[in-house]
>>> print(open('coords.cif').read())   # mmCIF, C-alpha atoms (C1' of nucleotides)
data_final
#
loop_
_atom_site.group_PDB
_atom_site.id
_atom_site.type_symbol
_atom_site.label_atom_id
_atom_site.label_comp_id
_atom_site.auth_asym_id
_atom_site.auth_seq_id
_atom_site.Cartn_x
_atom_site.Cartn_y
_atom_site.Cartn_z
ATOM 1 C CA MET A 1422 -31.545 58.048 -83.425
ATOM 2 C CA LYS A 1423 -30.538 57.313 -86.973
ATOM 3 C CA VAL A 1424 -31.704 54.330 -89.013
ATOM 4 C CA HIS A 1425 -29.543 52.808 -91.738
ATOM 5 C CA CYS A 1426 -30.397 51.350 -95.112
ATOM 6 C CA GLN A 1427 -28.022 48.440 -94.473
ATOM 7 C CA THR A 1428 -30.175 47.154 -91.651
ATOM 8 C CA CYS A 1429 -33.550 48.310 -93.024
ATOM 9 C CA PRO A 1430 -36.135 45.504 -93.211
ATOM 10 C CA ASN A 1431 -38.095 47.078 -96.081
ATOM 11 C CA LYS A 1432 -36.927 44.956 -98.986
ATOM 12 C CA ASN A 1433 -39.317 46.658 -101.384
ATOM 13 C CA CYS A 1434 -37.987 50.165 -100.739
ATOM 14 C CA LEU A 1435 -36.496 51.528 -103.949
ATOM 15 C CA ILE A 1436 -33.435 52.826 -102.127
ATOM 16 C CA LYS A 1437 -32.915 49.588 -100.252
ATOM 17 C CA LYS A 1438 -33.206 47.707 -103.528
ATOM 18 C CA ASN A 1439 -30.930 49.916 -105.618
ATOM 19 C CA GLY A 1440 -29.066 52.291 -103.360
ATOM 20 C CA LEU A 1441 -26.621 49.929 -101.676
ATOM 21 C CA THR A 1442 -24.270 49.713 -104.633
ATOM 22 C CA LEU A 1443 -20.710 51.039 -104.563
ATOM 23 C CA GLU A 1444 -21.910 54.240 -106.236
ATOM 24 C CA GLY A 1445 -24.965 54.494 -104.039
ATOM 25 C CA LEU A 1446 -23.484 54.021 -100.602
ATOM 26 C CA PRO A 1447 -22.018 57.501 -100.131
ATOM 27 C CA HIS A 1448 -25.373 59.045 -101.073
ATOM 28 C CA VAL A 1449 -27.396 56.787 -98.807
ATOM 29 C CA GLU A 1450 -25.279 57.998 -95.911
ATOM 30 C CA LYS A 1451 -26.560 61.522 -96.467
ATOM 31 C CA LYS A 1452 -30.168 60.781 -95.703
ATOM 32 C CA HIS A 1453 -31.879 62.218 -92.668
ATOM 33 C CA THR A 1454 -33.865 60.171 -90.198
ATOM 34 C CA ILE A 1455 -37.029 61.836 -88.956
ATOM 35 C CA HIS A 1456 -39.037 60.657 -86.004
ATOM 36 C CA CYS A 1457 -42.613 61.704 -86.354
ATOM 37 C CA LYS A 1458 -45.263 61.692 -83.662
ATOM 38 C CA LYS A 1459 -48.846 60.688 -84.264
ATOM 39 C CA SER A 1460 -50.852 63.334 -86.175
ATOM 40 C CA GLN A 1461 -47.701 65.305 -86.976
ATOM 41 C CA ASN A 1462 -47.942 67.187 -90.250
ATOM 42 C CA PHE A 1463 -44.483 66.687 -91.747
ATOM 43 C CA ILE A 1464 -45.221 67.802 -95.294
ATOM 44 C CA ILE A 1465 -47.084 71.080 -95.477
ATOM 45 C CA GLU A 1466 -49.110 71.933 -98.539
ATOM 46 C CA GLY A 1467 -47.603 74.933 -100.265
ATOM 47 C CA ALA A 1468 -44.235 74.679 -98.507
ATOM 48 C CA PRO A 1469 -41.031 74.467 -100.558
ATOM 49 C CA VAL A 1470 -40.089 70.965 -101.629
ATOM 50 C CA HIS A 1471 -37.334 69.487 -99.538
ATOM 51 C CA GLY A 1472 -36.658 66.192 -101.184
ATOM 52 C CA LEU A 1473 -38.235 62.800 -101.022
ATOM 53 C CA TYR A 1474 -39.486 60.778 -98.077
ATOM 54 C CA PHE A 1475 -39.533 57.053 -97.529
ATOM 55 C CA VAL A 1476 -41.461 55.442 -94.715
ATOM 56 C CA TYR A 1477 -39.101 53.380 -92.596
ATOM 57 C CA GLU A 1478 -41.817 52.418 -90.167
ATOM 58 C CA GLY A 1479 -45.338 53.715 -89.566
ATOM 59 C CA LYS A 1480 -48.539 54.742 -91.274
ATOM 60 C CA ILE A 1481 -49.093 57.966 -93.169
ATOM 61 C CA LYS A 1482 -51.950 59.735 -94.916
ATOM 62 C CA VAL A 1483 -51.311 61.977 -97.896
ATOM 63 C CA GLY A 1484 -53.952 64.534 -98.800
ATOM 64 C CA LYS A 1485 -54.913 67.722 -100.549
ATOM 65 C CA THR A 1486 -57.029 70.564 -99.275
ATOM 66 C CA GLY A 1487 -59.979 71.585 -101.419
ATOM 67 C CA ILE A 1488 -62.690 74.231 -101.371
ATOM 68 C CA ASN A 1489 -63.969 75.193 -97.896
ATOM 69 C CA GLY A 1490 -61.077 73.356 -96.320
ATOM 70 C CA ARG A 1491 -62.525 70.103 -97.500
ATOM 71 C CA GLU A 1492 -59.956 67.361 -97.309
ATOM 72 C CA GLN A 1493 -59.224 64.771 -99.974
ATOM 73 C CA ILE A 1494 -56.992 61.934 -98.902
ATOM 74 C CA VAL A 1495 -55.007 60.885 -101.934
ATOM 75 C CA ARG A 1496 -53.374 57.768 -100.583
ATOM 76 C CA PHE A 1497 -52.090 56.014 -97.523
ATOM 77 C CA ALA A 1498 -48.530 54.817 -97.107
ATOM 78 C CA GLN A 1499 -46.725 52.434 -94.827
ATOM 79 C CA ASP A 1500 -43.333 50.764 -94.394
ATOM 80 C CA GLY A 1501 -41.135 51.005 -97.468
ATOM 81 C CA GLU A 1502 -43.318 53.406 -99.458
ATOM 82 C CA ILE A 1503 -42.470 56.753 -101.039
ATOM 83 C CA ILE A 1504 -44.018 60.081 -100.084
ATOM 84 C CA GLY A 1505 -43.605 63.468 -101.682
ATOM 85 C CA HIS A 1506 -42.585 62.139 -105.084
ATOM 86 C CA ARG A 1507 -44.878 64.518 -106.956
ATOM 87 C CA GLY A 1508 -43.042 67.570 -105.680
ATOM 88 C CA PHE A 1509 -39.756 66.099 -106.686
ATOM 89 C CA GLY A 1510 -38.268 67.363 -109.919
ATOM 90 C CA ALA A 1511 -41.455 69.079 -111.021
ATOM 91 C CA GLY A 1512 -42.599 71.950 -108.821
ATOM 92 C CA GLU A 1513 -41.020 74.125 -106.183
ATOM 93 C CA PHE A 1514 -43.839 73.664 -103.687
ATOM 94 C CA TYR A 1515 -45.678 70.690 -102.360
ATOM 95 C CA GLN A 1516 -49.187 70.291 -103.713
ATOM 96 C CA ILE A 1517 -50.006 67.773 -101.013
ATOM 97 C CA HIS A 1518 -49.664 67.437 -97.285
ATOM 98 C CA ALA A 1519 -48.716 64.373 -95.285
ATOM 99 C CA VAL A 1520 -49.652 63.472 -91.717
ATOM 100 C CA ALA A 1521 -48.477 60.583 -89.565
ATOM 101 C CA LEU A 1522 -51.350 58.365 -88.418
ATOM 102 C CA GLU A 1523 -49.183 56.845 -85.727
ATOM 103 C CA ASP A 1524 -45.648 57.394 -84.441
ATOM 104 C CA SER A 1525 -43.506 56.867 -87.527
ATOM 105 C CA ILE A 1526 -39.910 56.929 -88.705
ATOM 106 C CA LEU A 1527 -39.137 58.548 -92.054
ATOM 107 C CA CYS A 1528 -36.068 58.730 -94.245
ATOM 108 C CA ASN A 1529 -35.596 62.036 -96.014
ATOM 109 C CA PHE A 1530 -33.365 62.390 -99.057
ATOM 110 C CA SER A 1531 -32.684 65.942 -100.151
ATOM 111 C CA THR A 1532 -33.414 66.931 -103.728
ATOM 112 C CA GLU A 1533 -29.673 67.228 -104.400
ATOM 113 C CA THR A 1534 -28.942 63.776 -103.032
ATOM 114 C CA MET A 1535 -31.746 62.317 -105.151
ATOM 115 C CA HIS A 1536 -30.350 63.997 -108.255
ATOM 116 C CA GLU A 1537 -26.925 62.570 -107.593
ATOM 117 C CA MET A 1538 -28.325 59.103 -107.024
ATOM 118 C CA LEU A 1539 -30.599 59.098 -110.038
ATOM 119 C CA GLN A 1540 -27.742 60.159 -112.270
ATOM 120 C CA THR A 1541 -25.388 57.475 -111.059
ATOM 121 C CA ILE A 1542 -27.699 54.498 -110.498
ATOM 122 C CA PRO A 1543 -29.679 53.650 -113.649
ATOM 123 C CA GLN A 1544 -31.586 50.823 -112.013
ATOM 124 C CA LEU A 1545 -32.943 53.202 -109.394
ATOM 125 C CA THR A 1546 -33.993 55.702 -112.036
ATOM 126 C CA TYR A 1547 -35.706 52.956 -113.990
ATOM 127 C CA ASP A 1548 -37.592 51.655 -110.951
ATOM 128 C CA LEU A 1549 -38.701 55.140 -110.049
ATOM 129 C CA MET A 1550 -39.993 55.627 -113.575
ATOM 130 C CA LEU A 1551 -42.016 52.418 -113.325
ATOM 131 C CA PHE A 1552 -43.344 53.632 -110.015
ATOM 132 C CA TYR A 1553 -44.456 56.934 -111.536
ATOM 133 C CA GLY A 1554 -46.205 55.045 -114.313
ATOM 134 C CA GLU A 1555 -48.092 52.908 -111.840
ATOM 135 C CA GLU A 1556 -49.114 55.911 -109.817
ATOM 136 C CA LEU A 1557 -50.458 57.614 -112.899
ATOM 137 C CA ASN A 1558 -52.419 54.541 -113.821
ATOM 138 C CA LYS A 1559 -53.897 54.369 -110.346
ATOM 139 C CA SER A 1560 -54.912 57.977 -110.329
ATOM 140 C CA GLU A 1561 -56.577 57.631 -113.720
ATOM 141 C CA THR A 1562 -58.497 54.626 -112.463
ATOM 142 C CA LYS A 1563 -59.491 56.671 -109.465
ATOM 143 C CA VAL A 1564 -60.912 59.465 -111.579
ATOM 144 C CA ARG A 1565 -63.239 57.029 -113.250
ATOM 145 C CA LYS A 1566 -64.291 55.523 -109.955
ATOM 146 C CA PHE A 1567 -65.109 58.892 -108.481
ATOM 147 C CA ALA A 1568 -67.223 59.784 -111.458
ATOM 148 C CA GLN A 1569 -69.095 56.527 -111.819
ATOM 149 C CA MET A 1570 -69.438 54.861 -108.456
ATOM 150 C CA THR A 1571 -72.306 55.326 -106.050
ATOM 151 C CA VAL A 1572 -71.545 56.322 -102.470
ATOM 152 C CA ARG A 1573 -72.054 52.770 -101.295
ATOM 153 C CA GLU A 1574 -69.572 51.512 -103.881
ATOM 154 C CA LYS A 1575 -67.038 54.209 -103.070
ATOM 155 C CA VAL A 1576 -67.128 53.320 -99.400
ATOM 156 C CA ILE A 1577 -66.799 49.613 -100.142
ATOM 157 C CA ASP A 1578 -63.917 50.348 -102.473
ATOM 158 C CA ALA A 1579 -62.200 52.466 -99.822
ATOM 159 C CA LEU A 1580 -62.617 49.728 -97.222
ATOM 160 C CA LEU A 1581 -61.224 47.111 -99.568
ATOM 161 C CA TYR A 1582 -58.249 49.349 -100.351
ATOM 162 C CA ILE A 1583 -57.549 49.696 -96.634
ATOM 163 C CA PHE A 1584 -57.958 45.954 -96.234
ATOM 164 C CA ARG A 1585 -55.500 45.243 -99.046
ATOM 165 C CA LYS A 1586 -52.948 47.712 -97.792
ATOM 166 C CA PHE A 1587 -53.047 47.165 -94.052
ATOM 167 C CA GLY A 1588 -54.737 43.812 -93.630
ATOM 168 C CA GLN A 1589 -56.581 42.691 -90.531
ATOM 169 C CA ARG A 1590 -55.475 41.762 -87.073
ATOM 170 C CA GLU A 1591 -57.891 39.810 -84.923
ATOM 171 C CA ASN A 1592 -60.637 40.384 -87.497
ATOM 172 C CA PHE A 1593 -60.303 44.178 -87.493
ATOM 173 C CA LEU A 1594 -58.551 46.426 -90.009
ATOM 174 C CA ASP A 1595 -55.017 46.933 -88.785
ATOM 175 C CA ILE A 1596 -55.090 50.712 -88.864
ATOM 176 C CA GLN A 1597 -56.925 53.273 -86.804
ATOM 177 C CA LEU A 1598 -58.939 55.599 -89.033
ATOM 178 C CA SER A 1599 -61.837 57.841 -88.146
ATOM 179 C CA ARG A 1600 -65.060 57.687 -90.192
ATOM 180 C CA LYS A 1601 -64.157 61.127 -91.429
ATOM 181 C CA GLU A 1602 -60.792 59.940 -92.729
ATOM 182 C CA ILE A 1603 -62.486 57.119 -94.589
ATOM 183 C CA ALA A 1604 -64.925 59.660 -96.016
ATOM 184 C CA ASP A 1605 -62.106 61.978 -97.056
ATOM 185 C CA PHE A 1606 -60.502 59.093 -98.861
ATOM 186 C CA ALA A 1607 -63.687 57.789 -100.482
ATOM 187 C CA GLY A 1608 -64.727 61.269 -101.574
ATOM 188 C CA THR A 1609 -67.887 61.624 -99.506
ATOM 189 C CA THR A 1610 -68.969 62.742 -96.026
ATOM 190 C CA ASP A 1611 -68.569 61.038 -92.690
ATOM 191 C CA GLU A 1612 -72.350 60.705 -92.283
ATOM 192 C CA GLN A 1613 -72.572 58.785 -95.531
ATOM 193 C CA VAL A 1614 -69.724 56.511 -94.506
ATOM 194 C CA ILE A 1615 -71.444 55.813 -91.201
ATOM 195 C CA ARG A 1616 -74.700 54.995 -92.978
ATOM 196 C CA VAL A 1617 -73.080 52.633 -95.447
ATOM 197 C CA ILE A 1618 -71.112 50.952 -92.680
ATOM 198 C CA SER A 1619 -74.177 50.417 -90.539
ATOM 199 C CA THR A 1620 -76.192 48.902 -93.386
ATOM 200 C CA LEU A 1621 -73.264 46.675 -94.327
ATOM 201 C CA LYS A 1622 -73.173 45.637 -90.712
ATOM 202 C CA LYS A 1623 -76.850 44.711 -90.847
ATOM 203 C CA GLU A 1624 -76.178 42.713 -93.986
ATOM 204 C CA GLY A 1625 -73.513 40.781 -92.119
ATOM 205 C CA LEU A 1626 -70.650 41.915 -94.340
ATOM 206 C CA LEU A 1627 -68.876 43.970 -91.677
ATOM 207 C CA ILE A 1628 -68.381 44.018 -87.962
ATOM 208 C CA THR A 1629 -67.563 47.035 -85.832
ATOM 209 C CA SER A 1630 -66.424 47.657 -82.311
ATOM 210 C CA GLY A 1631 -66.085 51.257 -81.258
ATOM 211 C CA LYS A 1632 -64.194 52.902 -84.085
ATOM 212 C CA LYS A 1633 -62.656 49.653 -85.241
ATOM 213 C CA ILE A 1634 -63.979 48.061 -88.406
ATOM 214 C CA GLY A 1635 -63.619 44.468 -89.478
ATOM 215 C CA ILE A 1636 -64.444 43.012 -92.855
ATOM 216 C CA HIS A 1637 -66.373 39.821 -92.412
ATOM 217 C CA ASN A 1638 -66.952 38.799 -95.985
ATOM 218 C CA VAL A 1639 -64.309 40.107 -98.375
ATOM 219 C CA GLU A 1640 -65.508 38.125 -101.354
ATOM 220 C CA LEU A 1641 -69.050 39.464 -101.254
ATOM 221 C CA LEU A 1642 -67.784 43.020 -100.961
ATOM 222 C CA LYS A 1643 -65.428 42.538 -103.873
ATOM 223 C CA LYS A 1644 -68.235 41.101 -105.902
ATOM 224 C CA GLU A 1645 -70.281 44.209 -105.422
ATOM 225 C CA ILE A 1646 -67.747 46.498 -107.034
ATOM 226 C CA ALA A 1647 -66.327 43.957 -109.461
ATOM 227 C CA ASP A 1648 -67.941 45.677 -112.423
ATOM 228 C CA HIS A 1649 -65.880 48.786 -111.822
ATOM 229 C CA HIS A 1650 -62.525 47.035 -111.717
ATOM 230 C CA PHE A 1651 -61.544 46.550 -115.284
ATOM 231 C CA PHE A 1652 -57.825 46.940 -114.778
ATOM 232 C CA LEU A 1653 -56.090 46.907 -111.432
ATOM 233 C CA ASP A 1654 -56.425 47.808 -107.810
ATOM 234 C CA SER A 1655 -55.715 51.342 -106.810
ATOM 235 C "C1'" DG B 369 -64.954 62.204 -63.185
ATOM 236 C "C1'" DC B 370 -65.345 65.992 -66.317
ATOM 237 C "C1'" DA B 371 -64.598 67.967 -70.847
ATOM 238 C "C1'" DT B 372 -63.644 67.537 -75.454
ATOM 239 C "C1'" DT B 373 -64.000 64.853 -79.625
ATOM 240 C "C1'" DA B 374 -66.019 61.261 -82.541
ATOM 241 C "C1'" DA B 375 -69.907 58.259 -83.920
ATOM 242 C "C1'" DT B 376 -74.598 57.918 -84.905
ATOM 243 C "C1'" DT B 377 -79.269 59.118 -86.343
ATOM 244 C "C1'" DG B 378 -82.841 61.963 -88.194
ATOM 245 C "C1'" DG B 379 -84.240 65.684 -90.838
ATOM 246 C "C1'" DT B 380 -83.992 69.499 -94.546
ATOM 247 C "C1'" DC B 381 -82.828 71.295 -98.916
ATOM 248 C "C1'" DG C 1342 -76.158 63.306 -101.562
ATOM 249 C "C1'" DA C 1343 -74.424 67.317 -98.797
ATOM 250 C "C1'" DC C 1344 -75.182 70.027 -94.753
ATOM 251 C "C1'" DC C 1345 -77.104 70.805 -90.072
ATOM 252 C "C1'" DA C 1346 -78.708 69.591 -85.432
ATOM 253 C "C1'" DA C 1347 -79.340 66.566 -81.500
ATOM 254 C "C1'" DT C 1348 -78.053 62.551 -79.003
ATOM 255 C "C1'" DT C 1349 -74.898 59.142 -77.473
ATOM 256 C "C1'" DA C 1350 -70.423 56.856 -77.191
ATOM 257 C "C1'" DA C 1351 -65.438 57.189 -76.698
ATOM 258 C "C1'" DT C 1352 -61.277 59.343 -75.278
ATOM 259 C "C1'" DG C 1353 -58.147 62.831 -73.268
ATOM 260 C "C1'" DC C 1354 -56.760 65.132 -69.106
#
>>> encode(input="coords.cif", output="structure tokens")
Amino acid sequence: MKVHCQTCPNKNCLIKKNGLTLEGLPHVEKKHTIHCKKSQNFIIEGAPVHGLYFVYEGKIKVGKTGINGREQIVRFAQDGEIIGHRGFGAGEFYQIHAVALEDSILCNFSTETMHEMLQTIPQLTYDLMLFYGEELNKSETKVRKFAQMTVREKVIDALLYIFRKFGQRENFLDIQLSRKEIADFAGTTDEQVIRVISTLKKEGLLITSGKKIGIHNVELLKKEIADHHFFLDS
DNA sequence: GCATTAATTGGTC
DNA sequence: GACCAATTAATGC
């Protein structure tokens, strides 16, 4: 079942914002709608690039595979966000993989369609450029964090990122992630994540229930890593 | 309910 | 601070 940009609720999507012009409409019609089941791997690392993805609805993790099959989650994405933008224009093959964390709907624009759009809609091109700039800034910030933060700080930072991005519902983070996925994102191991979480729980900063995690005191957590945040959130 | 998978804890290097 | 092993909790079938 196909979803259309005209009725899409994601106001912050770059296509929704800039693609519904007279010039854009015929291109927007060419997009493909992809229904993705939970844990489906829809971008395979090393596979040929086949355009750009936008999340219509759902939650996605984007990662890279390292030495010994060790996983590094690069970012998470949800409604309205772009995936696969690094492969676009630059390389022939994806350097990342993307997996749906829950049943999701994606919009796929082929490389050709993107080229046509970017060459006819300056505002879209401009917004995409700003987006690339932001992404670069975030990844530079992340490099510094990885080098300078302790494990405890990295885990706190990861939890706050998840909190910012997905928020909480009934006092628990509104996304289902395993301890291992948090570890892969924070750049450490699942055992370390579990240890940090259980001490934070003892300190009254977090609550847990099964695999669900709830942040009890955001301000105190923020305070603990405040020294590392000179610029912006990432 | 049983079997597989994930969370937790303790220990070693 | 990573890796390994053992135990316990959670989840799939």
>>> resolve_selection(input="coords.cif", expression="the PyMOL selection byres ((chain A and resi 1469) around 8)", output="MDAnalysis selection string")
chainID A and resid 1467:1468 1470:1471 1513:1515
>>> residues_around(input="coords.cif", residues="DT372 (chain B)", least_positions_apart="5", cutoff="10 Å", atoms="all atoms listed in the file", output="ChimeraX atom specification")
/C:1352-1354
>>> write_last_selection(input="coords.cif", atoms="C-alpha atoms (C1' of nucleotides)", output="PDB file, keeping the file's coordinate frame")
ATOM      1  C1'  DT C1352     -61.277  59.343 -75.278  1.00  0.00           C
ATOM      2  C1'  DG C1353     -58.147  62.831 -73.268  1.00  0.00           C
ATOM      3  C1'  DC C1354     -56.760  65.132 -69.106  1.00  0.00           C
TER       4       DC C1354
END
>>> resolve_selection(input="coords.cif", expression="the PyMOL selection byres ((chain B) within 9 of (chain A))", output="tab-separated table (two decimals) with C-alpha atoms (C1' of nucleotides), in the frame of the given file")
chain	number	residue	atom	x	y	z
B	374	DA	C1'	-66.02	61.26	-82.54
B	375	DA	C1'	-69.91	58.26	-83.92
B	376	DT	C1'	-74.60	57.92	-84.90
>>> atom_distance(input="coords.cif", atom1="CA of Thr1428 (chain A)", atom2="CA of Glu1555 (chain A)")
27.6 Å
>>> closest_residue(input="coords.cif", among="A:Thr1609, A:Lys1451, A:Gly1512, A:Ile1542", to="DG1342 (chain C)", atoms="only C-alpha atoms (C1' of nucleotides)")
A:Thr1609
>>> resolve_selection(input="coords.cif", expression="the PyMOL selection byres ((chain C) within 10 of (chain A))", output="compact mmCIF listing (two decimals) with C-alpha atoms (C1' of nucleotides), in the frame of the given file")
# COMPACT_ATOMS: atom_id res chain seq x y z
C1' DG C 1342 -76.16 63.31 -101.56
C1' DA C 1343 -74.42 67.32 -98.80
C1' DC C 1344 -75.18 70.03 -94.75
C1' DA C 1350 -70.42 56.86 -77.19
C1' DA C 1351 -65.44 57.19 -76.70
>>> residues_around(input="coords.cif", residues="Gly1510 (chain A)", least_positions_apart="4", cutoff="12 Å", atoms="all atoms listed in the file", output="list in words")
Val1470, His1471, Gly1472, Leu1473, Gly1505, His1506, Phe1514, Tyr1515, Ser1531, Thr1532, Glu1533, Met1535, His1536 and Leu1539 of chain A
>>> residues_around(input="coords.cif", residues="Asp1605 (chain A)", least_positions_apart="4", cutoff="6 Å", atoms="only C-alpha atoms (C1' of nucleotides)", output="ChimeraX atom specification")
/A:1492-1494
>>> closest_residue(input="coords.cif", among="A:Gln1589, A:Lys1575, A:Asp1595, A:Lys1622", to="His1649 (chain A)", atoms="only C-alpha atoms")
A:Lys1575
>>> residues_around(input="coords.cif", residues="DG379 (chain B)", least_positions_apart="5", cutoff="12 Å", atoms="only C-alpha atoms (C1' of nucleotides)", output="number ranges by chain")
C: 1344-1347
>>> atom_distance(input="coords.cif", atom1="C1' of DT377 (chain B)", atom2="CA of Lys1482 (chain A)")
28.6 Å
>>> atom_distance(input="coords.cif", atom1="CA of Ala1521 (chain A)", atom2="CA of Lys1458 (chain A)")
6.8 Å
